[in-house]
Amino acid sequence: MLLRTERRRRGETKRVLIVDDEADIRELLDLTLVRMGLVADCVGSLAEARKMLAQDRYQLCLTDMRLPDGTGLDLVRFISGTVTDLPVAVITAHGSTENAVSALKAGAFDYIAKPVSLDQLRALIKSALELPTTDSVRVSGIESSLLGSSPAMKQVRTLIDRVARSQAPVHITGESGSGKELAARLTHRLSARRDYAFVPVNCGAIPENLMESEFFGYRKGAFTGANEDRDGFFQAADKGTLFLDEVADLPLSMQVKLLRVIQEKRVRKVGATTEEAVDVRVICATHQDIKALVEQGNFRQDLFYRLNVIELRMPALRECRDDIPLIAQHTLEKLARAAGIGPPLLTPEVLAALQNYSFPGNVRELENILERALALMGGNRLAVEDLNLLPVQRNDSLVVPATLQEHLDQVERQAIIAALKETNYNRTAAARLLGVTFRSLRYRMVRLGINE
């Protein structure tokens, strides 16, 4: 005890607050922490926890969900409002999915289910203690990658900074080309998992018959062509982040298996008889309305419940028109460096044309427009003609659609036709230009009656 007190005084050891009314659980957690070189203060109630938090500074709090004078959620909310940089992990009852999700939504760093797995506990503690602590460095890192001073972009940056300090699943929504993968990469880069892999997966690009082996891996001899053991996406992202882009494209059969992995944190390779633990944070994205898909029976409600713990909406570029000059200048400088030339001048006329354009393809379309303009320009400045923007219909020639859906279909049809023309009617290239999957483009063309 004397040695522990002396270490605390010198500040050599990181400290953890354990809150649990069961003495044997407190002892197990305390012993685990001591073996990791940490110091633990153990209390049995919410009131005692609040008292300790007022007296001392901790690097992590571990709390049971059930306490004699409250709940773990009460403690999570208390810490979120008073000690904002302290990660809290909640110990939940086995199979209590609702409590786990509620804890993450309330601001918990992570959760662990009873009976407590010591391997999972050590991994959780290690991740929590590796969280960045200097907010100014974190915010500047976001601002250097996610440009703009509009209210919408400021809100996105603030939310990314907050969710990066959690292990909770994140669901990023927004139109195609709005920067959903960039937001996922930033969240990973600012998290405790930043030193491990970020594995992006386009769910719409994997054939259905290969999905299970691609996601979970396989054993040698599991099927024809399986000549050796192979890891899947989950094993590749172990201790890191798995980014599931266009998650709405997953078939229902795969959604069931994905839900189990997220809940159990274990995967079974195709052809294997045992499961293996994986420590993966899942971030997903889609431009589709998953709530509508749930109502239609095309997406599992329980999986949506687990993936949509924290929702991050990326604004469309037309919602941030004041940011377009800054984003355009930054993009043009990057493209010019890659081409080995000096960045051309962006004239007021060019900037005005960009700000007045609707950008159905968002930031990805802006990058494509500027890359093409850079290749076509004459001299050292861009002209409006170099942008080759889609013509804006004037009021006297505009046919007003009868409904909002007709108007959206009209805009979507124009964007698809323009992309097809730009790529000489190569549908794969057009889909890439529009930021959608080939399957999605084909479906939209059929729905809108677009023939090559």
# chains A, B, ... in the order shown; residues from 1 in each chain; ligands from 1
>>> residues_around(residues="Leu75 in chain A", least_positions_apart="3", cutoff="12 Å", atoms="only C-alpha atoms", output="number ranges by chain")
A: 17-20, 45-51, 53, 61-67, 69-72, 78-83, 86-90, 103, 106-108
>>> residues_around(residues="Ile290 in chain A", least_positions_apart="3", cutoff="7 Å", atoms="only C-alpha atoms", output="list in words")
Ala248, Leu293 and Val294 of chain A
>>> write_last_selection(atoms="N, CA and C atoms", output="mmCIF file, in the first residue's frame")
data_model
loop_
_atom_site.group_PDB
_atom_site.id
_atom_site.type_symbol
_atom_site.label_atom_id
_atom_site.label_comp_id
_atom_site.auth_asym_id
_atom_site.auth_seq_id
_atom_site.Cartn_x
_atom_site.Cartn_y
_atom_site.Cartn_z
ATOM 1 N N ALA A 248 -25.683 -0.432 -46.844
ATOM 2 C CA ALA A 248 -27.060 -0.791 -47.206
ATOM 3 C C ALA A 248 -27.113 -1.813 -48.336
ATOM 4 N N LEU A 293 -35.288 1.569 -45.647
ATOM 5 C CA LEU A 293 -35.011 0.181 -46.005
ATOM 6 C C LEU A 293 -35.460 -0.772 -44.901
ATOM 7 N N VAL A 294 -35.316 -0.328 -43.636
ATOM 8 C CA VAL A 294 -35.786 -1.143 -42.505
ATOM 9 C C VAL A 294 -37.299 -1.319 -42.590
#
>>> select_by_dssp(residues="range 246-400 of chain A", states="alpha helix (DSSP H)", output="PyMOL selection string")
chain A and resi 252-264+290-296+301-307+324-339+348-355+362-376+384-387
>>> write_last_selection(atoms="C-alpha atoms", output="short mmCIF file (atom, residue, chain, number, x, y, z; two decimals), in the first residue's frame")
data_model
loop_
_atom_site.label_atom_id
_atom_site.label_comp_id
_atom_site.auth_asym_id
_atom_site.auth_seq_id
_atom_site.Cartn_x
_atom_site.Cartn_y
_atom_site.Cartn_z
CA LEU A 252 -29.91 -9.92 -45.53
CA SER A 253 -27.99 -13.18 -45.08
CA MET A 254 -24.78 -11.24 -44.52
CA GLN A 255 -26.47 -8.75 -42.23
CA VAL A 256 -27.27 -11.55 -39.76
CA LYS A 257 -23.63 -12.65 -39.60
CA LEU A 258 -22.36 -9.08 -39.30
CA LEU A 259 -24.70 -8.42 -36.38
CA ARG A 260 -23.38 -11.45 -34.50
CA VAL A 261 -19.76 -10.38 -34.96
CA ILE A 262 -20.48 -6.87 -33.72
CA GLN A 263 -22.30 -8.20 -30.64
CA GLU A 264 -19.94 -11.04 -29.75
CA ILE A 290 -31.57 2.96 -44.11
CA LYS A 291 -34.62 3.75 -41.99
CA ALA A 292 -36.76 3.44 -45.11
CA LEU A 293 -35.01 0.18 -46.01
CA VAL A 294 -35.79 -1.14 -42.50
CA GLU A 295 -39.45 -0.28 -42.98
CA GLN A 296 -39.42 -2.06 -46.36
CA GLN A 301 -33.72 -3.38 -37.66
CA ASP A 302 -31.47 -4.92 -35.00
CA LEU A 303 -28.37 -4.37 -37.15
CA PHE A 304 -29.37 -0.76 -37.84
CA TYR A 305 -29.82 -0.30 -34.07
CA ARG A 306 -26.24 -1.46 -33.49
CA LEU A 307 -24.66 0.48 -36.36
CA ILE A 324 -16.30 26.44 -51.98
CA PRO A 325 -13.50 29.01 -52.66
CA LEU A 326 -11.32 27.58 -49.87
CA ILE A 327 -11.96 23.96 -50.88
CA ALA A 328 -11.40 24.77 -54.57
CA GLN A 329 -8.11 26.56 -53.87
CA HIS A 330 -6.84 23.73 -51.67
CA THR A 331 -7.86 21.11 -54.25
CA LEU A 332 -6.30 23.01 -57.14
CA GLU A 333 -2.99 23.38 -55.27
CA LYS A 334 -2.94 19.64 -54.58
CA LEU A 335 -3.68 18.79 -58.23
CA ALA A 336 -1.06 21.26 -59.47
CA ARG A 337 1.61 19.77 -57.19
CA ALA A 338 0.79 16.30 -58.52
CA ALA A 339 1.12 17.61 -62.08
CA PRO A 348 -13.59 35.94 -59.31
CA GLU A 349 -15.60 34.82 -62.35
CA VAL A 350 -14.53 31.19 -61.87
CA LEU A 351 -15.25 31.31 -58.14
CA ALA A 352 -18.68 32.82 -58.79
CA ALA A 353 -19.47 30.10 -61.34
CA LEU A 354 -18.46 27.40 -58.84
CA GLN A 355 -20.49 28.93 -56.03
CA ASN A 362 -20.48 17.22 -54.18
CA VAL A 363 -16.76 17.49 -53.33
CA ARG A 364 -15.84 14.55 -55.54
CA GLU A 365 -17.43 16.31 -58.51
CA LEU A 366 -15.60 19.55 -57.63
CA GLU A 367 -12.28 17.67 -57.65
CA ASN A 368 -13.12 16.09 -61.01
CA ILE A 369 -14.13 19.45 -62.52
CA LEU A 370 -10.92 21.13 -61.37
CA GLU A 371 -8.72 18.23 -62.53
CA ARG A 372 -10.29 18.38 -65.99
CA ALA A 373 -10.05 22.19 -66.09
CA LEU A 374 -6.38 22.06 -65.15
CA ALA A 375 -5.69 19.78 -68.12
CA LEU A 376 -7.67 21.96 -70.55
CA VAL A 384 -15.17 29.64 -66.76
CA GLU A 385 -15.24 27.71 -70.03
CA ASP A 386 -12.55 25.36 -68.72
CA LEU A 387 -14.90 24.23 -65.94
#
>>> residues_around(residues="His188 in chain A", least_positions_apart="2", cutoff="10 Å", atoms="only C-alpha atoms", output="PyMOL selection string")
chain A and resi 160+163-165+182-186+190-198+240-243+281+283
>>> select_by_dssp(residues="range 125-208 of chain A", states="strand (DSSP E or B)", output="ChimeraX atom specification")
/A:170-173,198-202
>>> write_last_selection(atoms="C-alpha atoms", output="PDB file, in the first residue's frame")
ATOM      1  CA  VAL A 170     -20.603   5.383 -36.175  1.00  0.00           C
ATOM      2  CA  HIS A 171     -23.081   5.646 -39.049  1.00  0.00           C
ATOM      3  CA  ILE A 172     -22.042   8.342 -41.548  1.00  0.00           C
ATOM      4  CA  THR A 173     -24.777   9.557 -43.852  1.00  0.00           C
ATOM      5  CA  PHE A 198      -7.952   1.424 -41.265  1.00  0.00           C
ATOM      6  CA  VAL A 199      -9.611  -1.088 -43.597  1.00  0.00           C
ATOM      7  CA  PRO A 200     -12.138   0.356 -46.095  1.00  0.00           C
ATOM      8  CA  VAL A 201     -14.614  -2.049 -47.690  1.00  0.00           C
ATOM      9  CA  ASN A 202     -17.104  -1.233 -50.452  1.00  0.00           C
TER      10      ASN A 202
END
>>> atom_distance(atom1="CA of Pro315 in chain A", atom2="CA of Thr187 in chain A")
16.6 Å
>>> closest_atom_pairs(of="range 232-344 of chain A", to="range 174-179 of chain A", cutoff="12 Å", atoms="only C-alpha atoms", output="tab-separated table")
residue	atom	partner	partner_atom	distance
A:Asp245	CA	A:Ser176	CA	10.9
A:Glu246	CA	A:Ser176	CA	9.9
A:Cys284	CA	A:Gly174	CA	11.6
A:Ala285	CA	A:Gly174	CA	8.2
A:Thr286	CA	A:Gly174	CA	7.0
A:His287	CA	A:Glu175	CA	5.0
A:Gln288	CA	A:Glu175	CA	8.1
A:Asp289	CA	A:Gly174	CA	9.5
A:Ile290	CA	A:Gly174	CA	11.6
A:Glu311	CA	A:Gly174	CA	10.5
A:Leu312	CA	A:Gly174	CA	8.6
A:Arg313	CA	A:Gly174	CA	5.6
A:Met314	CA	A:Gly174	CA	4.9
A:Pro315	CA	A:Gly174	CA	6.4
A:Ala316	CA	A:Ser178	CA	5.8
A:Leu317	CA	A:Ser178	CA	6.9
A:Arg318	CA	A:Ser178	CA	10.2
A:Glu319	CA	A:Ser178	CA	10.7
A:Cys320	CA	A:Ser178	CA	11.0
>>> closest_residue(among="A:Ala415, A:Ala40, A:Leu345, A:Ala23", to="Leu60 in chain A", atoms="only C-alpha atoms")
A:Ala40
>>> atom_distance(atom1="CA of Asp74 in chain A", atom2="CA of Arg15 in chain A")
21.3 Å
>>> residues_around(residues="Asp249 in chain A", least_positions_apart="6", cutoff="9 Å", atoms="only C-alpha atoms", output="VMD selection string")
chain A and resid 203 to 205 286 440
>>> write_last_selection(atoms="N, CA and C atoms", output="PDB file, in the first residue's frame")
ATOM      1  N   CYS A 203     -19.099  -2.387 -49.699  1.00  0.00           N
ATOM      2  CA  CYS A 203     -19.998  -3.537 -49.573  1.00  0.00           C
ATOM      3  C   CYS A 203     -20.737  -3.844 -50.871  1.00  0.00           C
ATOM      4  N   GLY A 204     -20.883  -2.854 -51.746  1.00  0.00           N
ATOM      5  CA  GLY A 204     -21.597  -3.077 -52.985  1.00  0.00           C
ATOM      6  C   GLY A 204     -20.754  -3.676 -54.083  1.00  0.00           C
ATOM      7  N   ALA A 205     -19.451  -3.823 -53.833  1.00  0.00           N
ATOM      8  CA  ALA A 205     -18.544  -4.310 -54.875  1.00  0.00           C
ATOM      9  C   ALA A 205     -18.144  -5.759 -54.684  1.00  0.00           C
ATOM     10  N   THR A 286     -23.438   5.258 -45.848  1.00  0.00           N
ATOM     11  CA  THR A 286     -24.331   5.021 -46.981  1.00  0.00           C
ATOM     12  C   THR A 286     -24.976   6.336 -47.384  1.00  0.00           C
ATOM     13  N   SER A 440     -25.653   0.164 -58.218  1.00  0.00           N
ATOM     14  CA  SER A 440     -26.556   1.268 -57.930  1.00  0.00           C
ATOM     15  C   SER A 440     -26.827   2.100 -59.180  1.00  0.00           C
TER      16      SER A 440
END
>>> atom_distance(atom1="CA of Ala419 in chain A", atom2="CA of Arg447 in chain A")
16.8 Å
>>> residues_around(residues="Lys14 in chain A", least_positions_apart="5", cutoff="8 Å", atoms="only C-alpha atoms", output="PyMOL selection string")
chain A and resi 38-39+58-59
